[in-house]
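Text of target.cif (mmCIF, C-alpha atoms) as supplied:
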```cif
data_final
#
loop_
_atom_site.label_atom_id
_atom_site.label_comp_id
_atom_site.auth_asym_id
_atom_site.auth_seq_id
_atom_site.Cartn_x
_atom_site.Cartn_y
_atom_site.Cartn_z
CA MET A 1 20.21 84.82 -153.15
CA ALA A 2 21.68 81.38 -153.11
CA GLY A 3 25.35 80.59 -153.36
CA THR A 4 28.28 79.08 -151.55
CA ASN A 5 28.66 81.97 -149.16
CA GLN A 6 25.19 83.48 -149.46
CA THR A 7 22.08 82.53 -147.54
CA GLN A 8 18.39 83.20 -147.95
CA VAL A 9 17.71 85.88 -145.37
CA MET A 10 14.47 85.41 -143.45
CA GLU A 11 15.00 88.12 -140.84
CA PHE A 12 17.46 90.76 -139.72
CA VAL A 13 18.85 91.20 -136.23
CA LEU A 14 18.89 94.86 -135.16
CA LEU A 15 21.96 95.61 -133.05
CA GLY A 16 21.02 99.12 -132.01
CA PHE A 17 19.27 97.81 -128.88
CA SER A 18 22.35 96.52 -127.08
CA HIS A 19 22.02 98.90 -124.10
CA GLY A 20 19.31 100.91 -122.34
CA ARG A 21 16.28 99.11 -123.72
CA LEU A 22 13.86 100.41 -121.09
CA PHE A 23 15.17 103.94 -121.50
CA LEU A 24 14.76 103.69 -125.28
CA PHE A 25 11.24 102.34 -124.85
CA ALA A 26 10.19 105.19 -122.53
CA LEU A 27 11.89 107.82 -124.71
CA PHE A 28 10.40 106.69 -128.01
CA LEU A 29 6.99 106.12 -126.47
CA ALA A 30 6.90 109.69 -125.14
CA ILE A 31 8.07 111.13 -128.47
CA TYR A 32 5.60 109.01 -130.42
CA LEU A 33 2.63 109.99 -128.25
CA ALA A 34 3.59 113.67 -128.51
CA THR A 35 3.89 113.32 -132.28
CA LEU A 36 0.50 111.64 -132.57
CA LEU A 37 -1.26 114.17 -130.37
CA GLY A 38 0.38 117.24 -131.89
CA ASN A 39 -0.11 116.33 -135.54
CA SER A 40 -3.61 114.96 -134.97
CA ALA A 41 -4.54 118.27 -133.31
CA ILE A 42 -3.20 120.19 -136.32
CA LEU A 43 -5.21 118.06 -138.75
CA PHE A 44 -8.36 118.39 -136.62
CA LEU A 45 -8.09 122.18 -136.30
CA VAL A 46 -7.31 122.74 -139.99
CA SER A 47 -10.29 120.63 -141.08
CA LEU A 48 -12.61 122.19 -138.49
CA ASP A 49 -11.85 125.92 -138.89
CA PRO A 50 -12.85 127.45 -142.27
CA HIS A 51 -10.43 130.34 -141.65
CA LEU A 52 -7.56 127.85 -141.93
CA HIS A 53 -8.62 126.62 -145.37
CA ASN A 54 -5.82 128.38 -147.21
CA PRO A 55 -2.64 127.18 -148.97
CA MET A 56 -0.33 127.53 -145.97
CA TYR A 57 -2.44 125.33 -143.70
CA PHE A 58 -3.28 122.97 -146.56
CA PHE A 59 0.42 122.19 -146.97
CA LEU A 60 0.89 122.14 -143.20
CA SER A 61 -1.78 119.44 -142.93
CA HIS A 62 0.11 117.36 -145.50
CA LEU A 63 3.30 117.87 -143.51
CA SER A 64 1.48 116.63 -140.40
CA CYS A 65 0.31 113.55 -142.31
CA LEU A 66 3.90 112.90 -143.37
CA ASP A 67 5.09 113.29 -139.79
CA LEU A 68 2.48 110.80 -138.60
CA CYS A 69 3.45 108.33 -141.32
CA TYR A 70 7.16 108.85 -140.65
CA SER A 71 6.73 108.00 -136.98
CA SER A 72 4.27 105.16 -137.46
CA VAL A 73 6.54 103.40 -139.96
CA THR A 74 9.38 102.94 -137.47
CA VAL A 75 8.42 103.69 -133.85
CA PRO A 76 5.86 100.89 -133.17
CA LYS A 77 8.40 98.26 -134.27
CA ILE A 78 11.11 100.00 -132.21
CA LEU A 79 8.87 99.86 -129.14
CA ALA A 80 8.11 96.18 -129.68
CA ASN A 81 11.78 95.28 -130.17
CA ALA A 82 12.83 97.27 -127.11
CA LEU A 83 10.87 94.80 -124.96
CA ARG A 84 12.17 91.66 -126.66
CA PRO A 85 15.34 89.73 -125.75
CA GLN A 86 16.50 89.97 -129.37
CA ALA A 87 15.42 92.77 -131.69
CA THR A 88 14.54 91.37 -135.10
CA ILE A 89 12.55 92.26 -138.20
CA SER A 90 11.52 90.00 -141.07
CA TYR A 91 13.06 90.40 -144.51
CA GLY A 92 9.76 91.48 -146.04
CA GLY A 93 9.04 93.78 -143.12
CA CYS A 94 12.46 95.37 -143.50
CA LEU A 95 11.93 96.11 -147.19
CA ALA A 96 8.44 97.44 -146.48
CA GLN A 97 9.78 99.68 -143.72
CA THR A 98 12.57 100.94 -145.98
CA PHE A 99 10.10 101.68 -148.79
CA LEU A 100 7.69 103.63 -146.58
CA LEU A 101 10.50 105.48 -144.82
CA MET A 102 12.12 106.58 -148.08
CA TRP A 103 8.70 107.55 -149.47
CA CYS A 104 8.07 109.87 -146.54
CA ALA A 105 11.58 111.32 -146.72
CA GLY A 106 11.37 112.13 -150.43
CA ALA A 107 7.87 113.57 -150.16
CA GLU A 108 8.89 115.73 -147.21
CA CYS A 109 11.84 117.26 -149.12
CA ALA A 110 9.53 118.21 -151.98
CA LEU A 111 6.77 119.46 -149.67
CA LEU A 112 9.14 121.73 -147.72
CA ALA A 113 10.25 123.32 -150.98
CA VAL A 114 6.62 123.92 -151.97
CA MET A 115 5.88 125.41 -148.55
CA ALA A 116 8.87 127.73 -148.92
CA TYR A 117 7.51 128.90 -152.27
CA ASP A 118 4.08 129.42 -150.71
CA ARG A 119 5.52 131.78 -148.10
CA PHE A 120 7.68 133.52 -150.72
CA ALA A 121 4.66 134.12 -152.95
CA ALA A 122 2.57 135.35 -150.02
CA VAL A 123 5.19 137.90 -148.93
CA CYS A 124 6.83 138.95 -152.19
CA ARG A 125 3.99 138.44 -154.70
CA PRO A 126 0.82 139.21 -152.72
CA LEU A 127 -1.15 140.49 -155.73
CA ARG A 128 -0.58 137.25 -157.64
CA TYR A 129 -0.72 134.92 -154.63
CA GLY A 130 -4.36 133.91 -155.12
CA GLN A 131 -3.75 132.96 -158.74
CA ALA A 132 -0.42 131.20 -158.18
CA LEU A 133 -1.67 129.18 -155.17
CA ARG A 134 -5.24 128.48 -156.27
CA PRO A 135 -6.82 125.28 -154.89
CA SER A 136 -6.17 123.22 -158.02
CA ALA A 137 -2.51 124.26 -158.06
CA CYS A 138 -2.13 123.39 -154.36
CA ALA A 139 -3.71 119.97 -154.87
CA SER A 140 -1.44 119.28 -157.85
CA ALA A 141 1.64 120.39 -155.91
CA ALA A 142 0.76 118.16 -152.95
CA ALA A 143 0.09 115.17 -155.20
CA GLY A 144 3.39 115.82 -156.98
CA CYS A 145 5.23 115.77 -153.65
CA TRP A 146 3.78 112.39 -152.71
CA LEU A 147 4.51 111.01 -156.20
CA TRP A 148 8.06 112.36 -156.08
CA GLY A 149 8.74 110.48 -152.85
CA LEU A 150 7.02 107.33 -154.16
CA LEU A 151 9.19 107.09 -157.28
CA ASP A 152 12.39 107.75 -155.34
CA SER A 153 11.48 105.15 -152.72
CA ALA A 154 10.55 102.53 -155.32
CA LEU A 155 13.98 102.86 -156.95
CA HIS A 156 15.92 102.39 -153.70
CA THR A 157 13.71 99.54 -152.49
CA LEU A 158 14.07 97.63 -155.78
CA LEU A 159 17.85 98.01 -155.61
CA ALA A 160 17.86 96.91 -151.95
CA ALA A 161 15.84 93.81 -152.83
CA ARG A 162 18.66 92.70 -155.14
CA LEU A 163 21.24 92.65 -152.35
CA SER A 164 22.67 89.38 -151.03
CA PHE A 165 23.66 88.72 -147.42
CA CYS A 166 26.21 86.28 -146.04
CA GLY A 167 25.61 84.36 -142.82
CA ALA A 168 23.63 86.05 -140.06
CA ALA A 169 22.22 89.38 -141.26
CA HIS A 170 22.95 91.99 -138.60
CA LEU A 171 21.99 95.63 -139.02
CA GLN A 172 23.77 98.27 -136.96
CA HIS A 173 20.58 100.24 -136.41
CA ILE A 174 17.27 100.20 -134.58
CA PHE A 175 15.17 100.14 -137.78
CA CYS A 176 15.60 99.30 -141.45
CA ASP A 177 17.05 101.87 -143.83
CA VAL A 178 19.18 101.77 -146.96
CA PRO A 179 22.61 102.57 -145.40
CA PRO A 180 22.42 99.76 -142.77
CA LEU A 181 21.34 97.33 -145.49
CA LEU A 182 24.31 98.31 -147.62
CA GLY A 183 26.63 97.80 -144.65
CA ALA A 184 25.34 94.27 -144.06
CA ALA A 185 25.31 93.17 -147.71
CA CYS A 186 28.03 90.97 -149.18
CA SER A 187 27.11 91.64 -152.82
CA ASP A 188 28.09 94.62 -154.97
CA THR A 189 26.53 97.75 -153.49
CA ARG A 190 27.91 100.26 -155.99
CA PRO A 191 24.58 100.65 -157.89
CA ASN A 192 22.83 101.36 -154.57
CA GLU A 193 25.46 103.88 -153.52
CA LEU A 194 25.32 105.62 -156.90
CA ALA A 195 21.53 105.80 -156.68
CA LEU A 196 21.80 107.29 -153.17
CA HIS A 197 24.20 110.01 -154.34
CA ILE A 198 22.09 110.89 -157.37
CA SER A 199 18.92 110.82 -155.28
CA SER A 200 20.48 113.15 -152.71
CA ILE A 201 21.05 115.69 -155.47
CA PHE A 202 17.70 115.38 -157.21
CA VAL A 203 15.47 114.85 -154.17
CA GLY A 204 17.30 117.46 -152.11
CA LEU A 205 17.96 120.11 -154.75
CA GLY A 206 15.38 119.15 -157.37
CA PRO A 207 12.31 120.69 -155.69
CA PHE A 208 14.25 123.87 -154.91
CA LEU A 209 15.44 124.19 -158.53
CA LEU A 210 11.93 123.55 -159.87
CA VAL A 211 10.46 126.24 -157.61
CA ALA A 212 13.24 128.66 -158.53
CA ALA A 213 12.76 127.98 -162.25
CA ARG A 214 9.00 128.48 -161.96
CA GLU A 215 9.46 131.79 -160.19
CA ALA A 216 12.05 132.93 -162.75
CA LEU A 217 9.65 132.05 -165.57
CA GLN A 218 6.77 133.89 -163.92
CA HIS A 219 8.99 136.92 -163.33
CA SER A 220 10.07 136.91 -166.98
CA VAL A 221 6.48 136.65 -168.25
CA HIS A 222 5.34 139.40 -165.88
CA LYS A 223 8.22 141.65 -167.00
CA GLN A 224 7.43 141.10 -170.68
CA SER A 225 3.72 141.80 -170.17
CA SER A 226 4.54 144.97 -168.21
CA LEU A 227 6.63 146.28 -171.10
CA HIS A 228 3.66 145.99 -173.46
CA ARG A 229 1.17 147.76 -171.16
CA PRO A 230 0.40 151.49 -171.35
CA PRO A 231 2.19 153.49 -168.62
CA MET A 232 -0.99 154.15 -166.60
CA ALA A 233 -1.98 150.47 -166.69
CA SER A 234 1.45 149.48 -165.37
CA VAL A 235 1.13 151.92 -162.51
CA LEU A 236 -2.33 150.64 -161.60
CA HIS A 237 -1.10 147.04 -161.73
#
```

Written form, structure tokens:
Amino acid sequence: MAGTNQTQVMEFVLLGFSHGRLFLFALFLAIYLATLLGNSAILFLVSLDPHLHNPMYFFLSHLSCLDLCYSSVTVPKILANALRPQATISYGGCLAQTFLLMWCAGAECALLAVMAYDRFAAVCRPLRYGQALRPSACASAAAGCWLWGLLDSALHTLLAARLSFCGAAHLQHIFCDVPPLLGAACSDTRPNELALHISSIFVGLGPFLLVAAREALQHSVHKQSSLHRPPMASVLH
């Protein structure tokens, strides 16, 4: 990132701490402690009680892990910066924070879609619920959610690493994320913006469309198999 008007960025100055630092510190500390205690309690209870070893609580435990990761990626650095005269974050730390934050965000979108399907199957397809949400299928779905977020995050982080910054790099935020980085960059940000728009569609709607397509396929297969059964067998089923 060298050039006449471009400088090698070593750290970013976070401008979201201009006022109310002590209030922000107390607020985020309280929220963070509540998040840690609440999600840790969920994970402890789900692992301890055999009655909670079912798909719904399996996915809920993954959601709690995501919530813990989400908070731990940003809040400790926010608390540290709230007590400093100038809030800063290193270039490498900013990219790492952006990567982990986007990973959690993408995985959470996919996981919420899977959890919605889990409740749909439990209520509307109770006779096939055990087969559709068997342990191996749940493990594969959870792993797919984490992988989905990882791939999406890797794309945005690689594009963000290509950005150039002119002069002092100031971010209008209290932590690193893709939009503040785009606002501070002096290089072409159109590839990043295009990736964000496409990602919003695929990460936001993709899991929903996959779940809907899977349910439509299952419904079609079930309908075809019902047509080929004797009448009494269809009634018993």

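With all atoms listed in the file as the atoms that count, the minimum distance from His173 of chain A to the choices A:Cys94, A:Ala41, A:Leu33, A:Ile198 is reached by A:Cys94.
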
The PyMOL selection byres ((chain A and resi 12-21) around 7) on the file shown: which residues, as a PyMOL selection string? chain A and resi 11+22-25+82+87-91+169-175

Can you tell me which residues surround Leu95 of chain A at a distance of at most 8 Å, considering only C-alpha atoms, apart from same-chain residues fewer than 6 positions away, and format the answer as a short mmCIF file (atom, residue, chain, number, x, y, z; two decimals) with C-alpha atoms, in the coordinates of the input?
```cif
data_model
loop_
_atom_site.label_atom_id
_atom_site.label_comp_id
_atom_site.auth_asym_id
_atom_site.auth_seq_id
_atom_site.Cartn_x
_atom_site.Cartn_y
_atom_site.Cartn_z
CA THR A 157 13.71 99.54 -152.49
CA ALA A 160 17.86 96.91 -151.95
CA ALA A 161 15.84 93.81 -152.83
CA CYS A 176 15.60 99.30 -141.45
#
```

At a cut-off of 7 Å, can you tabulate as a Markdown table every residue of segment 111-136 of chain A near segment 52-65 of chain A together with its closest atom pair and the distance in Å to one decimal, using all atoms listed in the file and ordering rows by chain then number?
```
| residue | atom | partner | partner_atom | distance |
| --- | --- | --- | --- | --- |
| A:Met115 | CA | A:Phe59 | CA | 6.5 |
| A:Asp118 | CA | A:Met56 | CA | 6.7 |
| A:Leu133 | CA | A:Pro55 | CA | 6.6 |
```

Residue subset to file, keeping C-alpha atoms, as a PDB file, in the frame of the given file:
```pdb
ATOM      1  CA  MET A 115       5.880 125.410-148.550  1.00  0.00           C
ATOM      2  CA  ASP A 118       4.080 129.420-150.710  1.00  0.00           C
ATOM      3  CA  LEU A 133      -1.670 129.180-155.170  1.00  0.00           C
TER       4      LEU A 133
END
```

Written as a PyMOL selection string, which residues does the PyMOL selection byres ((chain A and resi 70-74) around 7) give for the file shown? chain A and resi 32+66-69+75-78+97+100-101+104+175

For a test of reading the model, state the distance in Å between atom CA of Cys145 of chain A and atom CA of Phe44 of chain A, rounded to one decimal.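 We find that atom CA of Cys145 of chain A and atom CA of Phe44 of chain A lie 21.9 Å from each other.
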
Would you please work out which residue, of A:Pro85, A:Gly144, A:Pro126, A:Gly92, is nearest to Leu111 of chain A when using all atoms listed in the file?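 Of A:Pro85, A:Gly144, A:Pro126, A:Gly92, the one nearest Leu111 of chain A is A:Gly144, counting all atoms listed in the file.
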
What is the atom CA of Trp146 of chain A to atom CA of Cys124 of chain A distance in Å?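 So the two atoms, atom CA of Trp146 of chain A and atom CA of Cys124 of chain A, lie 26.7 Å apart.
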
Report, in Å to a single decimal, how far apart atom CA of Asp152 of chain A and atom CA of Ala195 of chain A are.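 It comes out at 9.4 Å.
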
Compute the distance from (8.4, 137.3, -152.9) to each atom, counting all atoms listed in the file, keep the residues with any atom at most 12 Å away, and return them as an MDAnalysis selection string; use the coordinates of the file. chainID A and resid 116:129 132 212 215:216 218:219

Determine the residue membership of the PyMOL selection byres ((chain A and resi 196) around 12) for the file above and supply it as a tab-separated table (two decimals) with C-alpha atoms, in the frame of the given file.
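As written to disk, expr_9.tsv reads:
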```tsv
chain	number	residue	atom	x	y	z
A	102	MET	CA	12.12	106.58	-148.08
A	106	GLY	CA	11.37	112.13	-150.43
A	152	ASP	CA	12.39	107.75	-155.34
A	153	SER	CA	11.48	105.15	-152.72
A	155	LEU	CA	13.98	102.86	-156.95
A	156	HIS	CA	15.92	102.39	-153.70
A	157	THR	CA	13.71	99.54	-152.49
A	159	LEU	CA	17.85	98.01	-155.61
A	160	ALA	CA	17.86	96.91	-151.95
A	177	ASP	CA	17.05	101.87	-143.83
A	178	VAL	CA	19.18	101.77	-146.96
A	179	PRO	CA	22.61	102.57	-145.40
A	182	LEU	CA	24.31	98.31	-147.62
A	189	THR	CA	26.53	97.75	-153.49
A	190	ARG	CA	27.91	100.26	-155.99
A	191	PRO	CA	24.58	100.65	-157.89
A	192	ASN	CA	22.83	101.36	-154.57
A	193	GLU	CA	25.46	103.88	-153.52
A	194	LEU	CA	25.32	105.62	-156.90
A	195	ALA	CA	21.53	105.80	-156.68
A	197	HIS	CA	24.20	110.01	-154.34
A	198	ILE	CA	22.09	110.89	-157.37
A	199	SER	CA	18.92	110.82	-155.28
A	200	SER	CA	20.48	113.15	-152.71
A	201	ILE	CA	21.05	115.69	-155.47
A	202	PHE	CA	17.70	115.38	-157.21
A	203	VAL	CA	15.47	114.85	-154.17
A	204	GLY	CA	17.30	117.46	-152.11
```
